[in-house]
>>> print(open('upload08.pdb').read())   # PDB, C-alpha atoms
ATOM      1  CA  MET N   1    -141.194 -60.697   0.136
ATOM      2  CA  GLN N   2    -143.853 -62.126   2.435
ATOM      3  CA  ASP N   3    -141.639 -61.563   5.484
ATOM      4  CA  LEU N   4    -141.029 -57.964   4.435
ATOM      5  CA  VAL N   5    -144.592 -57.007   3.548
ATOM      6  CA  GLY N   6    -146.409 -58.807   6.381
ATOM      7  CA  PRO N   7    -144.558 -57.282   9.337
ATOM      8  CA  ALA N   8    -144.557 -53.837   7.701
ATOM      9  CA  MET N   9    -148.319 -53.881   7.254
ATOM     10  CA  GLY N  10    -148.807 -55.184  10.772
ATOM     11  CA  THR N  11    -146.512 -52.521  12.159
ATOM     12  CA  LEU N  12    -148.313 -49.758  10.311
ATOM     13  CA  ALA N  13    -151.649 -51.058  11.591
ATOM     14  CA  ALA N  14    -150.294 -51.033  15.148
ATOM     15  CA  VAL N  15    -148.964 -47.513  14.600
ATOM     16  CA  ALA N  16    -152.412 -46.384  13.422
ATOM     17  CA  VAL N  17    -154.146 -47.891  16.452
ATOM     18  CA  GLY N  18    -151.610 -46.403  18.854
ATOM     19  CA  GLY N  19    -151.875 -42.996  17.213
ATOM     20  CA  TYR N  20    -155.666 -43.093  17.345
ATOM     21  CA  LEU N  21    -155.736 -43.984  21.045
ATOM     22  CA  LEU N  22    -153.270 -41.221  21.860
ATOM     23  CA  GLY N  23    -155.215 -38.687  19.823
ATOM     24  CA  SER N  24    -158.506 -39.694  21.394
ATOM     25  CA  ILE N  25    -157.447 -38.592  24.878
ATOM     26  CA  PRO N  26    -159.961 -35.770  25.584
ATOM     27  CA  PHE N  27    -157.682 -33.339  27.373
ATOM     28  CA  GLY N  28    -160.286 -30.553  27.360
ATOM     29  CA  VAL N  29    -162.737 -32.719  29.274
ATOM     30  CA  LEU N  30    -160.129 -34.125  31.670
ATOM     31  CA  ILE N  31    -158.543 -30.760  32.464
ATOM     32  CA  THR N  32    -161.791 -28.892  33.139
ATOM     33  CA  ARG N  33    -163.099 -31.678  35.325
ATOM     34  CA  ALA N  34    -159.849 -31.920  37.293
ATOM     35  CA  ALA N  35    -159.885 -28.149  37.834
ATOM     36  CA  GLY N  36    -163.493 -28.168  39.023
ATOM     37  CA  ALA N  37    -164.663 -26.133  36.032
ATOM     38  CA  GLY N  38    -167.419 -28.577  35.121
ATOM     39  CA  ASP N  39    -167.997 -30.522  31.919
ATOM     40  CA  VAL N  40    -166.815 -28.454  28.946
ATOM     41  CA  ARG N  41    -169.294 -30.329  26.745
ATOM     42  CA  LYS N  42    -172.103 -28.518  28.590
ATOM     43  CA  ILE N  43    -170.563 -25.079  28.084
ATOM     44  CA  GLY N  44    -170.781 -22.793  25.053
ATOM     45  CA  SER N  45    -170.583 -24.769  21.830
ATOM     46  CA  GLY N  46    -170.099 -28.069  23.654
ATOM     47  CA  ASN N  47    -166.808 -28.607  21.864
ATOM     48  CA  ILE N  48    -163.886 -30.166  23.766
ATOM     49  CA  GLY N  49    -161.213 -27.917  22.261
ATOM     50  CA  ALA N  50    -159.297 -24.983  23.715
ATOM     51  CA  THR N  51    -161.625 -22.320  22.280
ATOM     52  CA  ASN N  52    -164.596 -23.692  24.177
ATOM     53  CA  VAL N  53    -162.532 -24.383  27.303
ATOM     54  CA  LEU N  54    -161.765 -20.646  27.278
ATOM     55  CA  ARG N  55    -165.493 -20.042  27.786
ATOM     56  CA  THR N  56    -165.126 -21.454  31.295
ATOM     57  CA  GLY N  57    -163.287 -18.212  32.064
ATOM     58  CA  ARG N  58    -160.035 -20.068  32.741
ATOM     59  CA  LYS N  59    -157.315 -18.984  30.330
ATOM     60  CA  ASP N  60    -154.837 -21.324  31.977
ATOM     61  CA  LEU N  61    -157.052 -24.328  31.288
ATOM     62  CA  ALA N  62    -157.565 -23.240  27.689
ATOM     63  CA  LEU N  63    -153.810 -22.862  27.166
ATOM     64  CA  ALA N  64    -153.146 -26.274  28.707
ATOM     65  CA  THR N  65    -155.786 -27.829  26.443
ATOM     66  CA  LEU N  66    -154.312 -26.116  23.395
ATOM     67  CA  LEU N  67    -150.797 -27.355  24.120
ATOM     68  CA  LEU N  68    -151.845 -30.889  24.977
ATOM     69  CA  ASP N  69    -154.128 -31.242  21.954
ATOM     70  CA  ALA N  70    -151.311 -30.021  19.723
ATOM     71  CA  GLY N  71    -148.786 -32.131  21.562
ATOM     72  CA  LYS N  72    -150.607 -35.433  21.226
ATOM     73  CA  GLY N  73    -150.631 -35.187  17.436
ATOM     74  CA  ALA N  74    -146.991 -34.157  17.368
ATOM     75  CA  ALA N  75    -146.029 -36.928  19.795
ATOM     76  CA  ALA N  76    -147.747 -39.639  17.765
ATOM     77  CA  LEU N  77    -145.972 -38.555  14.586
ATOM     78  CA  LEU N  78    -142.537 -38.076  16.157
ATOM     79  CA  ILE N  79    -142.578 -41.356  18.079
ATOM     80  CA  ALA N  80    -143.510 -43.379  14.998
ATOM     81  CA  ARG N  81    -140.988 -41.549  12.814
ATOM     82  CA  HIS N  82    -138.199 -41.977  15.376
ATOM     83  CA  PHE N  83    -138.637 -45.670  16.077
ATOM     84  CA  LEU N  84    -139.511 -46.777  12.545
ATOM     85  CA  GLY N  85    -137.419 -44.250  10.622
ATOM     86  CA  SER N  86    -140.262 -43.686   8.176
ATOM     87  CA  GLU N  87    -142.126 -40.557   7.093
ATOM     88  CA  LEU N  88    -145.017 -42.805   6.066
ATOM     89  CA  ALA N  89    -145.268 -44.326   9.543
ATOM     90  CA  GLY N  90    -145.110 -40.868  11.088
ATOM     91  CA  ALA N  91    -147.852 -39.565   8.801
ATOM     92  CA  ILE N  92    -150.062 -42.565   9.535
ATOM     93  CA  ALA N  93    -149.598 -42.197  13.298
ATOM     94  CA  GLY N  94    -150.215 -38.463  13.123
ATOM     95  CA  GLY N  95    -153.256 -38.836  10.899
ATOM     96  CA  ALA N  96    -154.671 -41.492  13.204
ATOM     97  CA  ALA N  97    -154.130 -39.199  16.204
ATOM     98  CA  PHE N  98    -155.994 -36.463  14.348
ATOM     99  CA  LEU N  99    -158.906 -38.845  13.737
ATOM    100  CA  GLY N 100    -158.796 -39.831  17.390
ATOM    101  CA  HIS N 101    -159.210 -36.204  18.410
ATOM    102  CA  LEU N 102    -162.119 -35.681  16.021
ATOM    103  CA  PHE N 103    -163.828 -38.979  16.842
ATOM    104  CA  PRO N 104    -162.667 -40.203  20.288
ATOM    105  CA  VAL N 105    -163.940 -43.626  21.223
ATOM    106  CA  TRP N 106    -164.185 -42.544  24.881
ATOM    107  CA  LEU N 107    -166.747 -39.818  24.093
ATOM    108  CA  GLY N 108    -169.008 -41.659  21.684
ATOM    109  CA  PHE N 109    -166.918 -40.435  18.726
ATOM    110  CA  LYS N 110    -167.880 -36.805  19.423
ATOM    111  CA  GLY N 111    -164.654 -34.840  19.645
ATOM    112  CA  GLY N 112    -163.062 -31.538  18.749
ATOM    113  CA  LYS N 113    -162.564 -29.737  15.452
ATOM    114  CA  GLY N 114    -158.881 -30.554  15.239
ATOM    115  CA  VAL N 115    -157.259 -27.157  14.724
ATOM    116  CA  ALA N 116    -154.713 -27.389  17.558
ATOM    117  CA  THR N 117    -153.892 -30.998  16.695
ATOM    118  CA  PHE N 118    -153.535 -29.975  13.046
ATOM    119  CA  PHE N 119    -150.914 -27.339  13.855
ATOM    120  CA  GLY N 120    -149.101 -29.715  16.199
ATOM    121  CA  LEU N 121    -148.910 -32.280  13.418
ATOM    122  CA  LEU N 122    -147.576 -29.802  10.884
ATOM    123  CA  ILE N 123    -144.887 -28.452  13.194
ATOM    124  CA  ALA N 124    -143.733 -31.971  14.066
ATOM    125  CA  ALA N 125    -143.858 -33.160  10.460
ATOM    126  CA  CYS N 126    -142.088 -30.180   8.888
ATOM    127  CA  TRP N 127    -141.580 -27.189  11.156
ATOM    128  CA  PRO N 128    -141.387 -24.550   8.382
ATOM    129  CA  LEU N 129    -144.716 -25.818   7.066
ATOM    130  CA  GLY N 130    -146.239 -25.587  10.530
ATOM    131  CA  LEU N 131    -144.906 -22.082  11.106
ATOM    132  CA  MET N 132    -146.181 -20.854   7.739
ATOM    133  CA  ALA N 133    -149.635 -22.287   8.414
ATOM    134  CA  GLY N 134    -149.592 -20.787  11.907
ATOM    135  CA  ALA N 135    -148.591 -17.385  10.524
ATOM    136  CA  THR N 136    -151.482 -17.625   8.072
ATOM    137  CA  TRP N 137    -153.883 -18.255  10.945
ATOM    138  CA  LEU N 138    -152.538 -15.263  12.857
ATOM    139  CA  ILE N 139    -152.759 -12.902   9.879
ATOM    140  CA  VAL N 140    -156.349 -13.833   9.042
ATOM    141  CA  ALA N 141    -157.418 -13.889  12.693
ATOM    142  CA  PHE N 142    -155.986 -10.455  13.440
ATOM    143  CA  ALA N 143    -157.218  -8.943  10.182
ATOM    144  CA  LEU N 144    -160.765 -10.316  10.152
ATOM    145  CA  ARG N 145    -161.210 -11.532  13.756
ATOM    146  CA  TYR N 146    -162.780 -14.848  12.813
ATOM    147  CA  SER N 147    -161.044 -17.803  14.447
ATOM    148  CA  SER N 148    -162.880 -20.346  12.301
ATOM    149  CA  LEU N 149    -162.115 -18.526   9.064
ATOM    150  CA  ALA N 150    -158.452 -18.266  10.038
ATOM    151  CA  ALA N 151    -158.371 -22.026  10.634
ATOM    152  CA  LEU N 152    -160.050 -22.735   7.302
ATOM    153  CA  VAL N 153    -157.659 -20.511   5.358
ATOM    154  CA  ALA N 154    -154.615 -21.972   7.121
ATOM    155  CA  ALA N 155    -155.828 -25.522   6.485
ATOM    156  CA  ALA N 156    -156.358 -24.802   2.783
ATOM    157  CA  ALA N 157    -152.962 -23.118   2.492
ATOM    158  CA  ALA N 158    -150.942 -25.860   4.217
ATOM    159  CA  PRO N 159    -150.906 -28.342   1.294
ATOM    160  CA  LEU N 160    -149.911 -25.503  -1.041
ATOM    161  CA  TYR N 161    -147.064 -24.489   1.272
ATOM    162  CA  ALA N 162    -145.889 -28.114   1.281
ATOM    163  CA  LEU N 163    -145.323 -27.849  -2.476
ATOM    164  CA  LEU N 164    -143.130 -24.742  -2.308
ATOM    165  CA  PRO N 165    -139.607 -25.352  -3.693
ATOM    166  CA  LEU N 166    -137.758 -24.084  -0.630
ATOM    167  CA  PRO N 167    -135.232 -26.818   0.231
ATOM    168  CA  ALA N 168    -133.383 -24.509   2.642
ATOM    169  CA  LEU N 169    -136.513 -24.515   4.801
ATOM    170  CA  GLY N 170    -137.164 -28.218   4.457
ATOM    171  CA  LEU N 171    -139.739 -27.718   1.682
ATOM    172  CA  PRO N 172    -141.198 -29.240  -0.369
ATOM    173  CA  ALA N 173    -142.314 -31.667   2.293
ATOM    174  CA  ALA N 174    -142.146 -35.427   1.777
ATOM    175  CA  GLN N 175    -145.087 -36.947  -0.064
ATOM    176  CA  PRO N 176    -146.641 -38.555   3.064
ATOM    177  CA  ILE N 177    -146.585 -35.160   4.776
ATOM    178  CA  PHE N 178    -148.205 -33.508   1.766
ATOM    179  CA  ILE N 179    -150.965 -36.136   1.768
ATOM    180  CA  LEU N 180    -151.375 -35.732   5.537
ATOM    181  CA  ALA N 181    -151.836 -31.978   5.060
ATOM    182  CA  ILE N 182    -154.528 -32.566   2.428
ATOM    183  CA  VAL N 183    -156.448 -35.183   4.427
ATOM    184  CA  THR N 184    -156.417 -33.188   7.666
ATOM    185  CA  ALA N 185    -157.441 -30.020   5.807
ATOM    186  CA  VAL N 186    -160.442 -31.790   4.284
ATOM    187  CA  LEU N 187    -161.467 -33.118   7.693
ATOM    188  CA  ILE N 188    -161.155 -29.649   9.221
ATOM    189  CA  TYR N 189    -163.541 -28.302   6.591
ATOM    190  CA  ILE N 190    -165.989 -31.122   7.308
ATOM    191  CA  ARG N 191    -165.850 -30.486  11.066
ATOM    192  CA  HIS N 192    -166.334 -26.745  10.485
ATOM    193  CA  HIS N 193    -169.441 -27.088   8.322
ATOM    194  CA  GLU N 194    -171.575 -25.220  10.860
ATOM    195  CA  ASN N 195    -169.010 -22.417  11.076
ATOM    196  CA  ILE N 196    -168.922 -22.189   7.283
ATOM    197  CA  ALA N 197    -172.710 -21.841   7.185
ATOM    198  CA  ARG N 198    -172.592 -19.068   9.789
ATOM    199  CA  LEU N 199    -169.782 -17.295   7.942
ATOM    200  CA  LEU N 200    -171.834 -17.313   4.750
ATOM    201  CA  LYS N 201    -174.798 -15.863   6.667
ATOM    202  CA  GLY N 202    -172.665 -13.279   8.455
ATOM    203  CA  ALA N 203    -173.642 -14.834  11.780
ATOM    204  CA  GLU N 204    -170.291 -16.233  12.904
ATOM    205  CA  PRO N 205    -169.115 -14.551  16.141
ATOM    206  CA  ARG N 206    -165.845 -12.680  15.911
ATOM    207  CA  ILE N 207    -162.929 -13.221  18.254
ATOM    208  CA  GLY N 208    -163.698 -11.509  21.543
ATOM    209  CA  ALA N 209    -167.450 -11.382  20.936
ATOM    210  CA  ALA N 210    -169.912 -13.305  23.074
ATOM    211  CA  LYS N 211    -171.280 -16.474  21.482
ATOM    212  CA  THR N 212    -175.053 -16.333  21.023
TER     213      THR N 212
END
>>> encode(input="upload08.pdb", output="structure tokens")
Amino acid sequence: MQDLVGPAMGTLAAVAVGGYLLGSIPFGVLITRAAGAGDVRKIGSGNIGATNVLRTGRKDLALATLLLDAGKGAAALLIARHFLGSELAGAIAGGAAFLGHLFPVWLGFKGGKGVATFFGLLIAACWPLGLMAGATWLIVAFALRYSSLAALVAAAAAPLYALLPLPALGLPAAQPIFILAIVTAVLIYIRHHENIARLLKGAEPRIGAAKT
């Protein structure tokens, strides 16, 4: 039993560290600097995510940031799942990558809000779950034109979608994926506390409006 438990725990710890380091790569900062667009942390909200990168006026840089931020979470989960054959290992790697994006060691633990990485994780973990959450974001965003509200609603809905009895679509998701959806949703709400306050005050800027 010692031989079985010890290596497994050590492997999972290594998976968590690897996932965190992958997730902590600040693509928004690296891409804008490489393109000569300045330091994204000194623009707009100061966030390193795709939404703030868009405020540089470069849609191509914002799209690249979006895809890479989503991709690093997906990559961490898929690599761990593939090589270890474990949903638990995949969820741990993906969750660690999500934490790395929120709190990157390279930037003094001041990272993004995690929305792109969240969707990347869900699609990699259980693609129907990711698509349903993404559709929820699109519906709320187009209807109400609040990006933050759309993210909050999608994050809250994801764990509920994971419980749906739809085996033909790969649902309900495995327990580690369900827990991953809950934990990442909670962290998204924590990272969006300022947005929530502005939404309650009616001061949150809508999609397409200038940020004051």
>>> resolve_selection(input="upload08.pdb", expression="the PyMOL selection byres ((chain N and resi 69) around 8)", output="list in words")
Gly23, Phe27, Gly49, Thr65, Leu66, Leu67, Leu68, Ala70, Gly71, Lys72, Gly73, His101, Ala116, Thr117 and Gly120 of chain N
>>> atom_distance(input="upload08.pdb", atom1="CA of Leu131 in chain N", atom2="CA of Ile177 in chain N")
14.6 Å
>>> resolve_selection(input="upload08.pdb", expression="the PyMOL selection byres ((chain N and resi 192) around 10)", output="VMD selection string")
chain N and resid 113 to 114 148 to 149 151 to 152 186 to 191 193 to 198
>>> write_last_selection(input="upload08.pdb", atoms="C-alpha atoms", output="PDB file, keeping the file's coordinate frame")
ATOM      1  CA  LYS N 113    -162.564 -29.737  15.452  1.00  0.00           C
ATOM      2  CA  GLY N 114    -158.881 -30.554  15.239  1.00  0.00           C
ATOM      3  CA  SER N 148    -162.880 -20.346  12.301  1.00  0.00           C
ATOM      4  CA  LEU N 149    -162.115 -18.526   9.064  1.00  0.00           C
ATOM      5  CA  ALA N 151    -158.371 -22.026  10.634  1.00  0.00           C
ATOM      6  CA  LEU N 152    -160.050 -22.735   7.302  1.00  0.00           C
ATOM      7  CA  VAL N 186    -160.442 -31.790   4.284  1.00  0.00           C
ATOM      8  CA  LEU N 187    -161.467 -33.118   7.693  1.00  0.00           C
ATOM      9  CA  ILE N 188    -161.155 -29.649   9.221  1.00  0.00           C
ATOM     10  CA  TYR N 189    -163.541 -28.302   6.591  1.00  0.00           C
ATOM     11  CA  ILE N 190    -165.989 -31.122   7.308  1.00  0.00           C
ATOM     12  CA  ARG N 191    -165.850 -30.486  11.066  1.00  0.00           C
ATOM     13  CA  HIS N 193    -169.441 -27.088   8.322  1.00  0.00           C
ATOM     14  CA  GLU N 194    -171.575 -25.220  10.860  1.00  0.00           C
ATOM     15  CA  ASN N 195    -169.010 -22.417  11.076  1.00  0.00           C
ATOM     16  CA  ILE N 196    -168.922 -22.189   7.283  1.00  0.00           C
ATOM     17  CA  ALA N 197    -172.710 -21.841   7.185  1.00  0.00           C
ATOM     18  CA  ARG N 198    -172.592 -19.068   9.789  1.00  0.00           C
TER      19      ARG N 198
END
>>> closest_residue(input="upload08.pdb", among="N:Thr136, N:Thr32, N:Gln175, N:Asn47", to="Leu107 in chain N", atoms="all atoms listed in the file")
N:Asn47
>>> resolve_selection(input="upload08.pdb", expression="the PyMOL selection byres ((chain N and resi 105) around 12)", output="list of chain:residue names")
N:Val17, N:Tyr20, N:Leu21, N:Leu22, N:Gly23, N:Ser24, N:Ile25, N:Pro26, N:Ala97, N:Leu99, N:Gly100, N:His101, N:Leu102, N:Phe103, N:Pro104, N:Trp106, N:Leu107, N:Gly108, N:Phe109, N:Lys110, N:Gly111
>>> closest_residue(input="upload08.pdb", among="N:Leu144, N:Arg81, N:Ala64, N:Ile92", to="Ala13 in chain N", atoms="only C-alpha atoms")
N:Ile92
>>> residues_near_point(input="upload08.pdb", point="(-147.4, -47.9, 18.8)", cutoff="12 Å", atoms="all atoms listed in the file", output="count of residues only")
30
>>> atom_distance(input="upload08.pdb", atom1="CA of Ile207 in chain N", atom2="CA of Arg145 in chain N")
5.1 Å
>>> atom_distance(input="upload08.pdb", atom1="CA of Ala143 in chain N", atom2="CA of Ser45 in chain N")
23.8 Å
>>> decode(input="upload08.pdb", residues="range 163-188 of chain N", atoms="N, CA, C and O atoms", output="compact mmCIF listing (two decimals), in the first residue's frame")
# COMPACT_ATOMS: atom_id res chain seq x y z
N LEU N 163 -24.28 18.18 -13.86
CA LEU N 163 -25.15 17.22 -13.19
C LEU N 163 -26.27 16.69 -14.09
O LEU N 163 -27.01 15.78 -13.70
N LEU N 164 -26.42 17.27 -15.28
CA LEU N 164 -27.51 16.87 -16.15
C LEU N 164 -27.36 15.41 -16.59
O LEU N 164 -26.27 14.99 -16.99
N PRO N 165 -28.43 14.64 -16.53
CA PRO N 165 -28.37 13.22 -16.93
C PRO N 165 -28.48 13.06 -18.44
O PRO N 165 -29.49 12.62 -18.97
N LEU N 166 -27.41 13.45 -19.14
CA LEU N 166 -27.39 13.36 -20.60
C LEU N 166 -26.19 12.52 -21.04
O LEU N 166 -25.19 13.04 -21.54
N PRO N 167 -26.23 11.21 -20.82
CA PRO N 167 -25.08 10.36 -21.14
C PRO N 167 -24.68 10.41 -22.61
O PRO N 167 -23.50 10.24 -22.94
N ALA N 168 -25.63 10.67 -23.51
CA ALA N 168 -25.29 10.74 -24.93
C ALA N 168 -24.35 11.90 -25.23
O ALA N 168 -23.63 11.89 -26.22
N LEU N 169 -24.38 12.91 -24.37
CA LEU N 169 -23.50 14.07 -24.55
C LEU N 169 -22.29 14.03 -23.62
O LEU N 169 -21.54 15.00 -23.51
N GLY N 170 -22.10 12.91 -22.95
CA GLY N 170 -20.99 12.82 -22.02
C GLY N 170 -21.28 13.40 -20.66
O GLY N 170 -20.38 13.63 -19.86
N LEU N 171 -22.57 13.64 -20.35
CA LEU N 171 -22.98 14.17 -19.06
C LEU N 171 -23.84 13.13 -18.35
O LEU N 171 -24.53 12.35 -18.99
N PRO N 172 -23.85 13.05 -17.03
CA PRO N 172 -23.13 13.96 -16.13
C PRO N 172 -21.61 13.74 -16.17
O PRO N 172 -21.15 12.65 -16.47
N ALA N 173 -20.89 14.80 -15.92
CA ALA N 173 -19.44 14.73 -15.93
C ALA N 173 -18.93 13.92 -14.74
O ALA N 173 -19.64 13.73 -13.76
N ALA N 174 -17.69 13.44 -14.84
CA ALA N 174 -17.09 12.72 -13.73
C ALA N 174 -16.98 13.62 -12.51
O ALA N 174 -16.91 14.85 -12.64
N GLN N 175 -16.95 13.01 -11.35
CA GLN N 175 -16.94 13.79 -10.10
C GLN N 175 -15.79 14.80 -10.03
O GLN N 175 -16.01 15.94 -9.61
N PRO N 176 -14.55 14.44 -10.43
CA PRO N 176 -13.49 15.45 -10.39
C PRO N 176 -13.77 16.67 -11.27
O PRO N 176 -13.41 17.79 -10.91
N ILE N 177 -14.45 16.43 -12.40
CA ILE N 177 -14.78 17.54 -13.29
C ILE N 177 -15.85 18.42 -12.66
O ILE N 177 -15.81 19.65 -12.76
N PHE N 178 -16.82 17.79 -12.01
CA PHE N 178 -17.87 18.54 -11.32
C PHE N 178 -17.26 19.42 -10.23
O PHE N 178 -17.59 20.61 -10.11
N ILE N 179 -16.34 18.85 -9.45
CA ILE N 179 -15.68 19.62 -8.39
C ILE N 179 -14.84 20.75 -8.99
O ILE N 179 -14.81 21.88 -8.47
N LEU N 180 -14.16 20.45 -10.10
CA LEU N 180 -13.36 21.48 -10.78
C LEU N 180 -14.25 22.64 -11.21
O LEU N 180 -13.87 23.81 -11.06
N ALA N 181 -15.43 22.33 -11.74
CA ALA N 181 -16.36 23.37 -12.18
C ALA N 181 -16.79 24.24 -11.00
O ALA N 181 -16.91 25.46 -11.13
N ILE N 182 -17.04 23.62 -9.85
CA ILE N 182 -17.45 24.38 -8.67
C ILE N 182 -16.33 25.29 -8.18
O ILE N 182 -16.54 26.49 -7.94
N VAL N 183 -15.13 24.73 -8.04
CA VAL N 183 -14.00 25.49 -7.50
C VAL N 183 -13.65 26.67 -8.41
O VAL N 183 -13.46 27.80 -7.94
N THR N 184 -13.58 26.42 -9.71
CA THR N 184 -13.24 27.51 -10.63
C THR N 184 -14.34 28.57 -10.67
O THR N 184 -14.04 29.77 -10.78
N ALA N 185 -15.59 28.14 -10.54
CA ALA N 185 -16.70 29.11 -10.52
C ALA N 185 -16.59 30.02 -9.30
O ALA N 185 -16.77 31.25 -9.40
N VAL N 186 -16.30 29.45 -8.15
CA VAL N 186 -16.15 30.24 -6.93
C VAL N 186 -15.01 31.25 -7.09
O VAL N 186 -15.14 32.43 -6.72
N LEU N 187 -13.90 30.80 -7.66
CA LEU N 187 -12.76 31.69 -7.84
C LEU N 187 -13.08 32.81 -8.83
O LEU N 187 -12.61 33.95 -8.67
N ILE N 188 -13.85 32.51 -9.86
CA ILE N 188 -14.26 33.54 -10.81
C ILE N 188 -15.09 34.61 -10.11
O ILE N 188 -14.92 35.81 -10.34
